[in-house]
>>> print(open('input-v7.cif').read())   # mmCIF, C-alpha atoms
data_data
loop_
_atom_site.label_atom_id
_atom_site.label_comp_id
_atom_site.auth_asym_id
_atom_site.auth_seq_id
_atom_site.Cartn_x
_atom_site.Cartn_y
_atom_site.Cartn_z
CA MET A 203 -15.10 12.76 -18.38
CA ILE A 204 -14.55 9.12 -17.41
CA ASN A 205 -10.77 9.61 -17.31
CA LYS A 206 -11.21 12.18 -14.56
CA VAL A 207 -13.27 9.71 -12.51
CA PHE A 208 -10.49 7.11 -12.68
CA TYR A 209 -7.86 9.79 -11.99
CA TYR A 210 -9.66 10.93 -8.83
CA LEU A 211 -10.29 7.33 -7.79
CA LEU A 212 -6.56 6.68 -8.08
CA LEU A 213 -5.85 9.83 -6.03
CA ILE A 214 -8.29 8.79 -3.31
CA LEU A 215 -7.01 5.20 -3.14
CA ASN A 216 -3.40 6.36 -2.90
CA LEU A 217 -4.33 8.89 -0.22
CA PHE A 218 -6.02 6.09 1.72
CA GLY A 219 -2.88 3.95 1.22
CA LEU A 220 -0.75 6.81 2.55
CA LEU A 221 -2.91 7.29 5.65
CA THR A 222 -3.04 3.56 6.36
CA SER A 223 0.73 3.22 5.94
CA LEU A 224 1.24 6.19 8.27
CA TYR A 225 -1.00 4.52 10.85
CA LEU A 226 0.94 1.25 10.61
CA THR A 227 4.23 3.15 10.92
CA TYR A 228 2.89 4.92 14.00
CA ILE A 229 1.96 1.55 15.53
CA HIS A 230 5.47 0.27 14.88
CA TYR A 231 7.27 3.20 16.49
CA SER A 232 4.83 3.72 19.35
CA SER A 233 5.05 0.05 20.39
CA ASN A 234 1.26 0.00 20.59
CA LEU A 235 0.35 -3.10 18.67
CA TYR A 236 -2.95 -2.97 16.86
CA VAL A 237 -5.68 -5.01 18.49
CA CYS A 238 -7.09 -7.02 15.64
CA LEU A 239 -10.74 -7.99 15.91
CA ALA A 240 -9.94 -11.35 14.29
CA GLY A 241 -7.36 -12.35 16.90
CA ASP A 242 -3.57 -12.06 16.94
CA ASN A 243 -3.15 -12.10 13.17
CA CYS A 244 -2.35 -8.39 12.87
CA ASN A 245 0.27 -8.51 15.60
CA LYS A 246 1.74 -11.65 14.09
CA VAL A 247 2.17 -9.89 10.73
CA LEU A 248 3.35 -6.58 12.18
CA THR A 249 6.01 -8.25 14.34
CA SER A 250 7.15 -10.91 11.88
CA GLN A 251 10.65 -11.06 10.41
CA TYR A 252 9.10 -9.83 7.14
CA SER A 253 7.70 -6.62 8.65
CA GLN A 254 11.02 -4.74 8.38
CA ILE A 255 13.87 -4.19 5.96
CA PHE A 256 17.15 -3.17 7.61
CA GLY A 257 15.21 -2.34 10.78
CA ILE A 258 12.80 -0.01 8.96
CA PRO A 259 9.14 -1.07 8.91
CA ILE A 260 7.64 -1.94 5.54
CA SER A 261 4.87 0.52 6.36
CA PHE A 262 7.39 3.39 6.35
CA PHE A 263 8.43 2.43 2.82
CA GLY A 264 4.71 2.29 1.96
CA THR A 265 4.26 5.80 3.33
CA ILE A 266 7.10 7.10 1.15
CA TYR A 267 5.77 5.16 -1.88
CA PHE A 268 2.23 6.53 -1.60
CA LEU A 269 3.49 10.06 -0.96
CA ILE A 270 5.64 9.94 -4.12
CA VAL A 271 2.79 8.49 -6.20
CA LEU A 272 0.43 11.21 -4.96
CA ILE A 273 2.95 13.93 -5.80
CA LEU A 274 3.47 12.44 -9.27
CA LEU A 275 -0.30 12.24 -9.81
CA VAL A 276 -0.68 15.90 -8.88
CA LEU A 277 2.26 16.83 -11.13
CA LYS A 278 0.86 14.48 -13.81
CA ILE A 279 4.12 12.71 -14.63
CA LYS A 280 2.63 9.68 -16.36
CA LYS A 281 5.74 7.59 -17.14
CA LEU A 282 7.05 7.65 -13.56
CA ILE A 283 3.57 6.88 -12.23
CA GLN A 284 3.35 3.85 -14.52
CA ILE A 285 6.72 2.55 -13.34
CA LEU A 286 5.94 3.06 -9.64
CA ILE A 287 2.47 1.56 -9.93
CA PHE A 288 3.93 -1.53 -11.61
CA LEU A 289 6.59 -1.86 -8.89
CA GLY A 290 3.88 -1.41 -6.25
CA PHE A 291 1.87 -4.19 -7.89
CA VAL A 292 4.83 -6.58 -7.61
CA VAL A 293 5.44 -5.64 -3.98
CA GLY A 294 1.72 -6.07 -3.21
CA LEU A 295 1.79 -9.59 -4.66
CA ILE A 296 4.83 -10.48 -2.57
CA LEU A 297 3.33 -9.09 0.64
CA ILE A 298 0.01 -10.87 0.12
CA TYR A 299 1.90 -14.11 -0.57
CA LEU A 300 3.89 -13.70 2.66
CA GLN A 301 0.75 -13.06 4.71
CA MET A 302 -1.33 -15.86 3.23
CA PHE A 303 1.19 -18.65 2.64
CA VAL A 304 4.23 -18.00 4.82
CA LEU A 305 2.82 -16.34 7.95
CA LYS A 306 -0.67 -17.79 7.49
CA ALA A 307 -2.03 -14.62 9.07
CA ILE A 308 -3.73 -11.58 7.57
CA CYS A 309 -3.34 -8.08 8.97
CA PHE A 310 -6.48 -6.20 7.96
CA TYR A 311 -4.76 -2.85 7.38
CA CYS A 312 -1.75 -4.41 5.66
CA PHE A 313 -4.05 -6.36 3.37
CA LEU A 314 -5.99 -3.20 2.45
CA VAL A 315 -2.76 -1.46 1.47
CA ASP A 316 -1.74 -4.50 -0.59
CA ILE A 317 -5.10 -4.53 -2.38
CA ILE A 318 -4.61 -0.83 -3.26
CA LEU A 319 -1.22 -1.77 -4.70
CA LEU A 320 -2.85 -4.50 -6.79
CA ILE A 321 -5.80 -2.52 -8.16
CA SER A 322 -3.96 0.75 -8.90
CA PRO A 323 -2.45 -0.47 -12.20
CA VAL A 324 -5.84 -1.83 -13.24
CA ILE A 325 -7.48 1.55 -12.60
CA PHE A 326 -4.62 3.40 -14.31
CA THR A 327 -4.74 1.15 -17.39
CA PHE A 328 -8.49 0.53 -17.61
CA GLY A 329 -9.27 4.19 -17.03
CA LYS A 330 -6.87 5.18 -19.78
CA ILE A 331 -5.87 8.07 -17.60
CA LYS A 332 -4.42 10.85 -19.70
CA LEU A 333 -2.20 13.18 -17.75
#
>>> encode(input="input-v7.cif", output="structure tokens")
Amino acid sequence: MINKVFYYLLLILNLFGLLTSLYLTYIHYSSNLYVCLAGDNCNKVLTSQYSQIFGIPISFFGTIYFLIVLILLVLKIKKLIQILIFLGFVVGLILIYLQMFVLKAICFYCFLVDIILLISPVIFTFGKIKL
């Protein structure tokens, strides 16, 4: 029973990550910068040199990542999920480092996505999810 709770929690978190990444991608391509309640921090992060790879926003890669993880969760392909969740954890650490120590600015939505990347392997491992 508890494994199902963690499984659904992982599904919900990754769905939230997908929707948030889609929103950030929309902001990038619509040229409507997010108005951050805490000041210009969101815009600083979203327009920084670290916000894109080869001209493609990081959020687009996040959208693809979360979509693939969700598909794998539905298909219950455990080994690939473990690999992707570990890679997501590493990327989350890097992105949080860049926001906190290089840019010295936190984008609320970006940070939420990064936190999902960091807690997903904990949920997957702690929940002993059996697929």
>>> resolve_selection(input="input-v7.cif", expression="the PyMOL selection byres ((chain A and resi 309) around 7)", output="MDAnalysis selection string")
chainID A and resid 243:244 247 307:308 310:313
>>> atom_distance(input="input-v7.cif", atom1="atom CA of Val271 of chain A", atom2="atom CA of Ile283 of chain A")
6.3 Å
>>> atom_distance(input="input-v7.cif", atom1="atom CA of Ile266 of chain A", atom2="atom CA of Val304 of chain A")
25.5 Å
>>> atom_distance(input="input-v7.cif", atom1="atom CA of Ser322 of chain A", atom2="atom CA of Thr249 of chain A")
26.8 Å
>>> resolve_selection(input="input-v7.cif", expression="the PyMOL selection byres ((chain A and resi 325) around 12)", output="PyMOL selection string")
chain A and resi 204-216+284+287-288+291+318-324+326-331
>>> residues_around(input="input-v7.cif", residues="Gln254 of chain A", least_positions_apart="6", cutoff="12 Å", atoms="all atoms listed in the file", output="list in words")
Leu226, Thr227, His230, Tyr231, Val247, Leu248, Ile260, Ser261, Phe262, Phe263, Gly264 and Leu297 of chain A
>>> write_last_selection(input="input-v7.cif", atoms="C-alpha atoms", output="short mmCIF file (atom, residue, chain, number, x, y, z; two decimals), in the frame of the given file")
data_model
loop_
_atom_site.label_atom_id
_atom_site.label_comp_id
_atom_site.auth_asym_id
_atom_site.auth_seq_id
_atom_site.Cartn_x
_atom_site.Cartn_y
_atom_site.Cartn_z
CA LEU A 226 0.94 1.25 10.61
CA THR A 227 4.23 3.15 10.92
CA HIS A 230 5.47 0.27 14.88
CA TYR A 231 7.27 3.20 16.49
CA VAL A 247 2.17 -9.89 10.73
CA LEU A 248 3.35 -6.58 12.18
CA ILE A 260 7.64 -1.94 5.54
CA SER A 261 4.87 0.52 6.36
CA PHE A 262 7.39 3.39 6.35
CA PHE A 263 8.43 2.43 2.82
CA GLY A 264 4.71 2.29 1.96
CA LEU A 297 3.33 -9.09 0.64
#
